[in-house]
file structure-v6.cif (mmCIF, C-alpha atoms and all ligand atoms)
data_protein
loop_
_atom_site.label_atom_id
_atom_site.label_comp_id
_atom_site.auth_asym_id
_atom_site.auth_seq_id
_atom_site.Cartn_x
_atom_site.Cartn_y
_atom_site.Cartn_z
CA MET L 1 21.12 -8.77 8.48
CA MET L 2 21.32 -6.57 5.51
CA GLN L 3 21.54 -3.35 3.65
CA THR L 4 23.39 -0.22 4.47
CA HIS L 5 20.95 2.45 3.43
CA ILE L 6 18.26 2.09 6.09
CA PRO L 7 17.96 5.45 7.82
CA GLN L 8 19.03 5.78 11.42
CA HIS L 9 15.49 6.40 12.69
CA VAL L 10 14.25 3.08 11.32
CA ARG L 11 17.08 1.23 12.99
CA THR L 12 16.42 3.01 16.25
CA TYR L 13 12.78 1.97 16.16
CA SER L 14 13.76 -1.55 15.31
CA ILE L 15 16.02 -1.84 18.32
CA SER L 16 13.27 -0.85 20.70
CA TYR L 17 10.91 -3.15 18.85
CA LEU L 18 13.24 -6.13 19.05
CA THR L 19 15.03 -6.58 22.35
CA GLU L 20 17.62 -4.73 24.30
CA SER L 21 20.04 -7.62 23.83
CA ILE L 22 20.50 -7.07 20.11
CA PRO L 23 23.74 -5.19 19.41
CA PRO L 24 23.45 -1.80 17.74
CA PRO L 25 23.71 -1.75 13.95
CA PRO L 26 26.85 -0.48 12.20
CA PRO L 27 26.95 3.24 11.37
CA LEU L 28 25.13 4.31 8.24
CA SER L 29 26.80 5.63 5.19
CA SER L 30 23.92 7.97 4.37
CA PRO L 31 20.92 9.18 6.39
CA HIS L 32 18.69 9.62 3.36
CA PRO L 33 17.71 7.50 0.41
CA LYS L 34 19.18 9.64 -2.26
CA LEU L 35 21.85 12.19 -1.53
CA ILE L 36 22.40 14.26 -4.60
CA SER L 37 26.00 14.94 -5.44
CA SER L 38 26.66 18.61 -4.81
CA VAL L 39 29.18 18.81 -7.64
CA ASN L 40 26.77 17.56 -10.24
CA HIS L 41 23.96 19.95 -11.04
CA PRO L 42 21.89 18.71 -13.94
CA LYS L 43 19.60 20.93 -15.99
CA THR L 44 16.52 18.96 -15.03
CA VAL L 45 15.84 17.44 -11.64
CA SER L 46 12.79 15.17 -12.11
CA HIS L 47 14.95 12.06 -11.73
CA LEU L 48 16.30 13.30 -8.37
CA ILE L 49 12.91 13.73 -6.73
CA VAL L 50 11.99 11.10 -4.16
CA THR L 51 9.36 8.61 -5.41
CA PRO L 52 6.90 6.34 -3.59
CA LYS L 53 9.12 3.43 -4.63
CA SER L 54 12.21 4.99 -3.07
CA LEU L 55 10.22 5.68 0.11
CA THR L 56 9.25 2.02 0.28
CA ASN L 57 12.97 1.21 0.19
CA THR L 58 13.89 3.90 2.70
CA PHE L 59 11.34 2.71 5.23
CA ARG L 60 11.91 -1.00 4.70
CA HIS L 61 12.66 -2.37 8.12
CA GLN L 62 15.95 -4.22 8.50
CA ASP L 63 14.07 -7.39 9.44
CA TYR L 64 12.62 -7.54 5.93
CA ALA L 65 14.83 -8.53 3.02
CA PRO L 66 14.65 -6.55 -0.21
CA VAL L 67 12.48 -8.15 -2.86
CA SER L 68 14.49 -10.72 -4.81
CA GLY L 69 14.60 -10.78 -8.60
CA GLN L 70 13.12 -14.26 -8.52
CA LEU L 71 10.12 -13.20 -6.43
CA LEU L 72 9.61 -10.23 -8.70
CA ASN L 73 9.57 -12.46 -11.78
CA VAL L 74 7.09 -14.93 -10.26
CA THR L 75 4.89 -12.03 -9.15
CA GLN L 76 4.86 -10.21 -12.45
CA LYS L 77 4.09 -13.42 -14.32
CA LEU L 78 1.22 -14.22 -12.00
CA PHE L 79 -0.35 -10.77 -12.09
CA LEU L 80 0.21 -10.00 -15.74
CA GLY L 81 -0.91 -13.43 -16.88
CA ALA L 82 -4.05 -13.64 -14.75
CA LYS L 83 -7.42 -12.46 -15.93
CA PRO L 84 -9.07 -11.03 -12.82
CA ARG L 85 -12.81 -11.35 -12.62
CA LEU L 86 -15.37 -9.95 -10.22
CA GLU L 87 -16.66 -12.98 -8.33
CA TRP L 88 -19.00 -11.54 -5.74
CA THR L 89 -20.35 -8.27 -4.40
CA LEU L 90 -21.86 -8.58 -0.96
CA ALA L 91 -22.98 -6.64 2.08
CA ASP L 92 -23.41 -9.61 4.43
CA TYR L 93 -20.62 -11.90 5.64
CA LYS L 94 -22.96 -14.90 5.77
CA GLU L 95 -23.57 -14.57 2.03
CA ILE L 96 -19.93 -15.26 1.05
CA PRO L 97 -20.31 -18.38 -1.14
CA ASP L 98 -18.19 -20.79 0.89
CA ILE L 99 -19.61 -19.55 4.23
CA LYS L 100 -23.10 -20.00 2.84
CA ALA L 101 -22.17 -23.45 1.56
CA ILE L 102 -20.89 -24.53 4.99
CA ALA L 103 -24.20 -23.44 6.51
CA LYS L 104 -26.10 -25.33 3.80
CA ALA L 105 -24.01 -28.45 4.28
CA ALA L 106 -24.74 -28.34 8.02
CA GLU L 107 -28.45 -28.47 7.18
CA ASN L 108 -28.09 -30.99 4.38
CA PRO L 109 -25.06 -33.35 4.52
CA ALA L 110 -25.65 -34.40 0.89
CA TYR L 111 -24.91 -30.83 -0.27
CA LYS L 112 -21.56 -30.57 -2.09
CA PHE L 113 -19.71 -27.26 -2.64
CA LYS L 114 -17.22 -27.32 -5.49
CA ALA L 115 -15.73 -23.82 -5.86
CA PRO L 116 -12.07 -23.76 -4.80
CA ILE L 117 -11.11 -22.20 -1.50
CA LEU L 118 -8.36 -19.71 -2.25
CA PRO L 119 -6.18 -17.45 -0.10
CA GLU L 120 -7.56 -13.92 0.24
CA VAL L 121 -6.13 -10.45 0.72
CA LEU L 122 -8.21 -7.55 1.97
CA PHE L 123 -7.87 -3.83 1.24
CA LEU L 124 -9.31 -1.59 3.87
CA GLY L 125 -9.14 2.04 4.82
CA HIS L 126 -11.01 5.26 5.44
CA THR L 127 -13.53 6.36 2.80
CA ASN L 128 -11.76 8.04 -0.13
CA SER L 129 -8.35 6.71 0.94
CA GLY L 130 -7.73 5.17 -2.49
CA LYS L 131 -8.62 1.47 -2.05
CA SER L 132 -10.41 1.02 -5.34
CA SER L 133 -7.73 3.00 -7.21
CA LEU L 134 -4.99 0.87 -5.72
CA ILE L 135 -6.82 -2.34 -6.61
CA ASN L 136 -7.24 -1.21 -10.20
CA ASN L 137 -3.56 -0.45 -10.49
CA LEU L 138 -2.61 -3.79 -8.99
CA LEU L 139 -4.91 -5.70 -11.33
CA LEU L 140 -4.33 -3.81 -14.52
CA ASN L 141 -1.54 -5.23 -16.62
CA SER L 142 0.92 -2.96 -18.36
CA LYS L 143 -1.03 -3.12 -21.60
CA ASP L 144 -4.26 -2.13 -19.84
CA SER L 145 -2.59 0.69 -17.98
CA ARG L 146 -1.86 2.53 -21.20
CA THR L 147 -5.57 2.74 -21.77
CA LEU L 148 -6.66 3.19 -18.17
CA GLY L 149 -10.25 4.24 -18.20
CA ALA L 150 -13.73 3.13 -17.35
CA SER L 151 -13.63 0.09 -19.59
CA THR L 152 -10.48 -1.30 -18.03
CA GLU L 153 -11.27 -0.58 -14.39
CA TYR L 154 -12.08 -3.37 -12.01
CA ALA L 155 -13.05 -1.56 -8.84
CA PHE L 156 -15.08 1.63 -9.20
CA VAL L 157 -13.34 4.82 -8.21
CA SER L 158 -15.02 8.06 -7.26
CA ASN L 159 -14.10 11.33 -5.62
CA LYS L 160 -17.31 10.96 -3.63
CA ALA L 161 -16.34 9.51 -0.23
CA GLY L 162 -18.20 6.30 0.63
CA TYR L 163 -18.56 5.23 -2.99
CA THR L 164 -17.82 1.53 -2.49
CA GLN L 165 -20.75 0.21 -0.47
CA THR L 166 -20.16 -3.54 -0.56
CA MET L 167 -17.28 -5.93 -0.21
CA ASN L 168 -16.20 -6.87 -3.73
CA CYS L 169 -14.22 -9.99 -4.48
CA PHE L 170 -11.92 -10.34 -7.47
CA ASN L 171 -10.69 -13.80 -8.38
CA VAL L 172 -7.16 -13.43 -9.74
CA GLY L 173 -6.34 -16.29 -12.08
CA ASN L 174 -7.86 -18.81 -9.67
CA ARG L 175 -4.74 -18.36 -7.51
CA PHE L 176 -6.02 -15.92 -4.89
CA ARG L 177 -8.88 -13.53 -4.17
CA LEU L 178 -8.54 -9.82 -3.68
CA ILE L 179 -11.22 -8.05 -1.65
CA ASP L 180 -12.16 -4.37 -1.92
CA SER L 181 -14.10 -3.03 1.04
CA PRO L 182 -16.33 -0.06 1.82
CA GLY L 183 -14.44 2.70 3.61
CA TYR L 184 -14.94 3.56 7.25
CA GLY L 185 -15.18 7.05 8.74
CA GLN L 186 -16.96 9.96 7.07
CA PHE L 187 -19.87 8.77 4.86
CA GLY L 188 -19.14 5.16 5.76
CA LYS L 189 -22.23 3.27 6.94
CA GLU L 190 -22.40 1.22 10.10
CA GLU L 191 -23.87 -1.89 8.49
CA GLN L 192 -21.06 -1.93 5.89
CA GLY L 193 -18.55 -1.74 8.72
CA GLN L 194 -20.14 -4.78 10.33
CA MET L 195 -19.30 -7.02 7.40
CA VAL L 196 -15.72 -5.75 7.30
CA VAL L 197 -15.24 -6.31 11.04
CA GLU L 198 -16.79 -9.77 10.84
CA TYR L 199 -14.55 -10.58 7.89
CA ILE L 200 -11.41 -9.48 9.79
CA GLU L 201 -12.37 -11.38 12.91
CA ARG L 202 -13.59 -14.60 11.31
CA ARG L 203 -12.23 -15.15 7.84
CA LYS L 204 -9.88 -18.13 7.98
CA VAL L 205 -8.50 -17.67 4.46
CA LEU L 206 -7.51 -14.06 5.06
CA ARG L 207 -3.78 -14.14 4.43
CA ARG L 208 -3.04 -10.43 4.60
CA ALA L 209 -4.91 -7.18 5.11
CA TYR L 210 -3.58 -3.96 3.61
CA LEU L 211 -4.55 -0.93 5.66
CA LEU L 212 -4.50 2.16 3.47
CA ILE L 213 -3.62 5.50 4.97
CA ASP L 214 -4.32 8.61 2.90
CA SER L 215 -0.97 10.44 3.10
CA SER L 216 -2.57 13.82 2.65
CA HIS L 217 -4.58 13.31 5.87
CA GLY L 218 -2.23 11.20 7.93
CA LEU L 219 -3.65 8.80 10.49
CA ARG L 220 -7.17 9.54 11.62
CA ASP L 221 -8.87 8.26 14.78
CA GLU L 222 -10.73 5.61 12.80
CA ASP L 223 -7.44 4.34 11.34
CA THR L 224 -6.07 3.93 14.85
CA GLN L 225 -9.20 2.01 15.87
CA ILE L 226 -8.87 -0.32 12.89
CA LEU L 227 -5.19 -0.86 13.68
CA GLY L 228 -6.28 -1.91 17.16
CA LEU L 229 -8.88 -4.27 15.70
CA LEU L 230 -6.35 -5.91 13.38
CA VAL L 231 -3.89 -6.41 16.21
CA THR L 232 -6.54 -7.79 18.58
CA ALA L 233 -7.97 -10.10 15.91
CA GLY L 234 -4.47 -11.35 15.13
CA ALA L 235 -5.00 -10.57 11.44
CA PRO L 236 -1.72 -10.24 9.57
CA PHE L 237 -1.54 -6.80 7.97
CA GLU L 238 0.67 -4.26 6.21
CA VAL L 239 0.26 -0.50 5.89
CA VAL L 240 0.06 1.33 2.57
CA PHE L 241 0.47 5.10 2.38
CA THR L 242 -1.58 6.23 -0.61
CA LYS L 243 -1.67 9.56 -2.48
CA VAL L 244 2.05 10.09 -1.92
CA ASP L 245 2.04 12.25 -5.08
CA MET L 246 0.09 14.93 -3.20
CA VAL L 247 2.62 15.13 -0.37
CA ILE L 248 5.58 15.23 -2.73
CA LEU L 249 3.96 17.88 -4.94
CA LYS L 250 3.14 20.10 -1.99
CA ILE L 251 6.61 19.87 -0.43
CA MET L 252 8.48 20.28 -3.73
CA LYS L 253 6.41 23.37 -4.53
CA ALA L 254 7.03 24.82 -1.07
CA HIS L 255 10.77 24.49 -1.69
CA GLY L 256 10.48 26.12 -5.10
CA VAL L 257 11.58 23.05 -7.08
CA ILE L 258 11.37 23.62 -10.82
CA THR L 259 10.80 20.61 -13.07
CA LYS L 260 11.42 22.29 -16.40
CA LYS L 261 14.91 22.70 -17.82
CA VAL L 262 17.09 25.24 -16.00
CA VAL L 263 20.11 26.53 -17.88
CA ASP L 264 22.26 28.89 -15.86
CA LEU L 265 24.56 27.27 -13.34
CA ALA L 266 23.47 29.24 -10.27
CA SER L 267 19.80 28.33 -10.83
CA ARG L 268 20.73 24.71 -11.44
CA GLU L 269 22.61 24.59 -8.15
CA ALA L 270 19.71 26.22 -6.32
CA ASN L 271 17.24 23.79 -7.89
CA VAL L 272 19.27 20.72 -6.92
CA LEU L 273 19.61 22.07 -3.39
CA ALA L 274 15.86 22.67 -3.24
CA VAL L 275 15.23 19.05 -4.24
CA GLU L 276 17.66 17.81 -1.58
CA HIS L 277 15.88 19.77 1.12
CA ALA L 278 12.44 18.84 -0.16
CA ASN L 279 13.34 15.13 -0.35
CA ALA L 280 14.54 15.25 3.24
CA GLU L 281 11.30 16.95 4.28
CA VAL L 282 9.20 14.27 2.58
CA VAL L 283 11.11 11.63 4.53
CA ARG L 284 10.64 13.60 7.76
CA TYR L 285 6.91 13.96 7.08
CA TYR L 286 6.50 10.19 6.89
CA GLU L 287 8.87 9.61 9.82
CA SER L 288 6.60 11.66 11.98
CA LEU L 289 3.42 9.92 10.71
CA ILE L 290 4.99 6.55 11.43
CA GLU L 291 6.28 7.60 14.82
CA ASN L 292 3.02 9.21 15.94
CA ALA L 293 1.11 6.08 14.96
CA ASN L 294 3.69 3.92 16.72
CA LEU L 295 3.62 1.68 13.64
CA LEU L 296 7.07 0.22 14.20
CA ASN L 297 6.30 -0.80 17.74
CA LEU L 298 3.24 -2.87 16.86
CA PRO L 299 3.71 -6.52 17.75
CA THR L 300 3.30 -7.65 14.13
CA LEU L 301 5.75 -5.08 12.69
CA PRO L 302 3.78 -4.25 9.54
CA ARG L 303 5.62 -3.57 6.32
CA LEU L 304 5.20 -0.05 5.03
CA PHE L 305 4.37 0.57 1.38
CA PHE L 306 4.10 3.89 -0.42
CA ASN L 307 2.15 4.42 -3.58
CA ASN L 308 0.45 6.85 -5.91
CA ALA L 309 -2.40 6.19 -8.29
CA VAL L 310 -2.25 9.65 -9.81
CA ALA L 311 0.81 11.26 -11.41
CA ASN L 312 1.79 14.94 -11.44
CA LYS L 313 4.75 16.98 -12.66
CA MET L 314 6.83 16.06 -9.58
CA VAL L 315 5.82 12.39 -9.53
CA GLN L 316 5.83 11.23 -13.10
CA GLY L 317 4.30 7.80 -13.32
CA ARG L 318 2.51 5.54 -10.88
CA TRP L 319 4.76 3.90 -8.32
CA GLY L 320 4.77 1.25 -5.66
CA TYR L 321 2.64 -1.52 -7.19
CA LYS L 322 5.27 -4.17 -7.83
CA GLU L 323 6.26 -4.13 -4.16
CA ILE L 324 2.66 -4.59 -2.99
CA ARG L 325 2.13 -7.33 -5.56
CA THR L 326 5.14 -9.27 -4.28
CA SER L 327 3.83 -8.98 -0.75
CA ILE L 328 0.48 -10.43 -1.88
CA VAL L 329 2.17 -13.31 -3.68
CA GLU L 330 4.36 -14.09 -0.67
CA SER L 331 1.55 -13.88 1.85
CA CYS L 332 -0.67 -16.17 -0.23
CA GLY L 333 2.13 -18.74 -0.41
CA LEU L 334 2.37 -18.42 -4.21
CA SER L 335 6.08 -17.67 -4.45
N1 LIG B 1 -3.83 12.41 -6.08
C1 LIG B 1 -4.25 11.16 -5.87
N2 LIG B 1 -5.56 10.89 -5.85
C2 LIG B 1 -5.94 9.60 -5.63
C3 LIG B 1 -5.01 8.55 -5.41
N3 LIG B 1 -5.69 7.41 -5.20
C4 LIG B 1 -6.99 7.72 -5.30
N4 LIG B 1 -7.15 9.04 -5.55
C5 LIG B 1 -8.41 9.77 -5.72
O1 LIG B 1 -9.12 9.70 -4.49
C6 LIG B 1 -10.52 9.54 -4.74
C7 LIG B 1 -11.04 8.27 -4.03
O2 LIG B 1 -10.44 7.15 -4.62
P1 LIG B 1 -11.06 5.69 -4.46
O3 LIG B 1 -10.08 4.75 -5.03
O4 LIG B 1 -12.45 5.67 -4.98
O5 LIG B 1 -11.07 5.60 -2.87
P2 LIG B 1 -11.79 4.48 -1.96
O6 LIG B 1 -10.92 4.30 -0.76
O7 LIG B 1 -12.08 3.26 -2.77
O8 LIG B 1 -13.10 5.26 -1.54
P3 LIG B 1 -14.51 4.63 -0.97
O9 LIG B 1 -14.93 3.54 -1.91
O10 LIG B 1 -15.39 5.83 -1.01
O11 LIG B 1 -14.23 4.16 0.41
C8 LIG B 1 -10.67 9.50 -6.26
O12 LIG B 1 -10.99 10.81 -6.69
C9 LIG B 1 -9.31 9.09 -6.75
O13 LIG B 1 -9.00 9.55 -8.04
C10 LIG B 1 -3.61 8.89 -5.45
O14 LIG B 1 -2.71 8.06 -5.27
N5 LIG B 1 -3.30 10.20 -5.69
MG MG B 2 -13.86 2.30 -3.17
#
call {"tool": "encode", "arguments": {"input": "structure-v6.cif", "output": "C-alpha cells"}}
result
Amino acid sequence: MMQTHIPQHVRTYSISYLTESIPPPPPLSSPHPKLISSVNHPKTVSHLIVTPKSLTNTFRHQDYAPVSGQLLNVTQKLFLGAKPRLEWTLADYKEIPDIKAIAKAAENPAYKFKAPILPEVLFLGHTNSGKSSLINNLLLNSKDSRTLGASTEYAFVSNKAGYTQTMNCFNVGNRFRLIDSPGYGQFGKEEQGQMVVEYIERRKVLRRAYLLIDSSHGLRDEDTQILGLLVTAGAPFEVVFTKVDMVILKIMKAHGVITKKVVDLASREANVLAVEHANAEVVRYYESLIENANLLNLPTLPRLFFNNAVANKMVQGRWGYKEIRTSIVESCGLS
C-alpha cells in the first residue's frame, strides 16, 4: 500500500472495485495534486498549472506502484537506443507475416519461418483521437523531437479524420512491435474495423492495448463499445486521455489565468487563486469522465494515462510519454 496523495475519489472507487472487506484507507493530506501555497504568490504561474504528467500521478490507482527509477532507466535506454522501423502495413489480419507463415506451414511442412515473434502493443481509438501523434512521440528520441517534422515522423498524422487506413507495425529495436490502427467512428471504414477486431480477439502476442480517448470529446458511444470488446476478449488494456492541452487551455482561459509576468501583488494573488480553481476544475472534469465511463469498476482496472502531443501557452512542452513507455516495457516483459 502506498502514497498519500491519491485523491479521495480514486480511493473511494478502489474500495468498491476491490471488496468490502478491505479496510478504508487513512485520511488524505491533500485532495488535489498540487495545492498552491496561499502565502506565496509568484509573478508567473506557468509552473503551477496542472500538467498531463501530474494528472497521471493524481489518477494513479493505489493498486499501482509509482514508476521506479530503475524501470524508468531501463525504459529510456530501450526507447532512446532503438531504431524503430516500419515493418508492415496491412488491411487484412491473415496477411500479418507470422499468421501467413503458419498458414503456409500448414500447407507445406517443409516451410520454415525465421522472423522473430515479438510481444506487441496496440494503439486504438476513435478517428482523429491522436493515435499516430502519440506513436510518433513515443518513438522519437529526444534528439529527434527537437526537429519534429515530416522527416522524423513514423506514423502519419493528419487533421483529416480517418487518415490512417491500415494497421501499421513498427519494430522497435527487435524487442517489441508497436501497432498503429485505423480509427473507428466517424470516417472509419467497416473493413478496417474488421482487422482491428480480429487482431484484438485473436492475436496471441498482444501484450497490451492502449485505448485512446480524445479529452476534448470525452467518451463516445464507439469508445464504450470498444471497451466492451476489450473486456469480453480478455485483452489487457490501459486508457490514455489525449489532447489534455486543449482541456487545460480552455479551463485556464475560463478562469482568467494569465501566463505572462504579473507584477502588482493583488493581481499576483488573483492569478494564483485562478490557477488553483482551474487546476481543481481540470481534475473534476476528468473525474467525471472516468466516473461516467465506469473505468475504475472494470474488471481489469485499466491504468489511466494523460498526454498531450501539442503544446500551448498553458501546457508548455509535451507530457506523459515516459509513463506510457514504462507501461509498454513492463507489459512486454522487458523490464
Ligand atoms: N491539441 C492537440 N492536438 C492533437 C493532439 N494529438 C493529436 N492532435 C491533432 O489531432 C489530429 C489527429 O491526429 P492523429 O494523430 O492523426 O490522430 P489519429 O487517431 O491517428 O487519426 P486517424 O488516423 O484519422 O484515426 C491532428 O491534427 C493532430 O495534430 C494533442 O495532444 N493535442
Ligand atoms: Mg492515424
call {"tool": "residues_around", "arguments": {"input": "structure-v6.cif", "residues": "range 87-103 of chain L", "least_positions_apart": "6", "cutoff": "12 Å", "atoms": "all atoms listed in the file", "output": "count of residues only"}}
result
47
call {"tool": "closest_residue", "arguments": {"input": "structure-v6.cif", "among": "L:Ala266, L:Ile324, L:Leu78, L:Leu211", "to": "ligand LIG 1 (chain B)", "atoms": "all atoms listed in the file"}}
result
L:Leu211
call {"tool": "residues_near_ligand", "arguments": {"input": "structure-v6.cif", "ligand": "ligand LIG 1 (chain B)", "cutoff": "10 Å", "atoms": "only C-alpha atoms and all ligand atoms", "output": "ChimeraX atom specification"}}
result
/L:52,123-137,155-167,180-188,212-216,241-247,249,306-312,318-319
call {"tool": "atom_distance", "arguments": {"input": "structure-v6.cif", "atom1": "CA of Leu80 in chain L", "atom2": "CA of Phe305 in chain L"}}
result
20.5 Å
call {"tool": "residues_around", "arguments": {"input": "structure-v6.cif", "residues": "Gln76 in chain L", "least_positions_apart": "3", "cutoff": "12 Å", "atoms": "only C-alpha atoms", "output": "PDB file with C-alpha atoms, in the frame of the given file"}}
result
ATOM      1  CA  GLY L  69      14.600 -10.780  -8.600  1.00  0.00           C
ATOM      2  CA  GLN L  70      13.120 -14.260  -8.520  1.00  0.00           C
ATOM      3  CA  LEU L  71      10.120 -13.200  -6.430  1.00  0.00           C
ATOM      4  CA  LEU L  72       9.610 -10.230  -8.700  1.00  0.00           C
ATOM      5  CA  ASN L  73       9.570 -12.460 -11.780  1.00  0.00           C
ATOM      6  CA  PHE L  79      -0.350 -10.770 -12.090  1.00  0.00           C
ATOM      7  CA  LEU L  80       0.210 -10.000 -15.740  1.00  0.00           C
ATOM      8  CA  GLY L  81      -0.910 -13.430 -16.880  1.00  0.00           C
ATOM      9  CA  ALA L  82      -4.050 -13.640 -14.750  1.00  0.00           C
ATOM     10  CA  LEU L 138      -2.610  -3.790  -8.990  1.00  0.00           C
ATOM     11  CA  LEU L 139      -4.910  -5.700 -11.330  1.00  0.00           C
ATOM     12  CA  LEU L 140      -4.330  -3.810 -14.520  1.00  0.00           C
ATOM     13  CA  ASN L 141      -1.540  -5.230 -16.620  1.00  0.00           C
ATOM     14  CA  SER L 142       0.920  -2.960 -18.360  1.00  0.00           C
ATOM     15  CA  TYR L 321       2.640  -1.520  -7.190  1.00  0.00           C
ATOM     16  CA  LYS L 322       5.270  -4.170  -7.830  1.00  0.00           C
ATOM     17  CA  GLU L 323       6.260  -4.130  -4.160  1.00  0.00           C
ATOM     18  CA  ILE L 324       2.660  -4.590  -2.990  1.00  0.00           C
ATOM     19  CA  ARG L 325       2.130  -7.330  -5.560  1.00  0.00           C
ATOM     20  CA  THR L 326       5.140  -9.270  -4.280  1.00  0.00           C
ATOM     21  CA  SER L 327       3.830  -8.980  -0.750  1.00  0.00           C
ATOM     22  CA  ILE L 328       0.480 -10.430  -1.880  1.00  0.00           C
ATOM     23  CA  VAL L 329       2.170 -13.310  -3.680  1.00  0.00           C
ATOM     24  CA  LEU L 334       2.370 -18.420  -4.210  1.00  0.00           C
ATOM     25  CA  SER L 335       6.080 -17.670  -4.450  1.00  0.00           C
TER      26      SER L 335
END
call {"tool": "atom_distance", "arguments": {"input": "structure-v6.cif", "atom1": "CA of Thr56 in chain L", "atom2": "CA of Leu86 in chain L"}}
result
29.3 Å
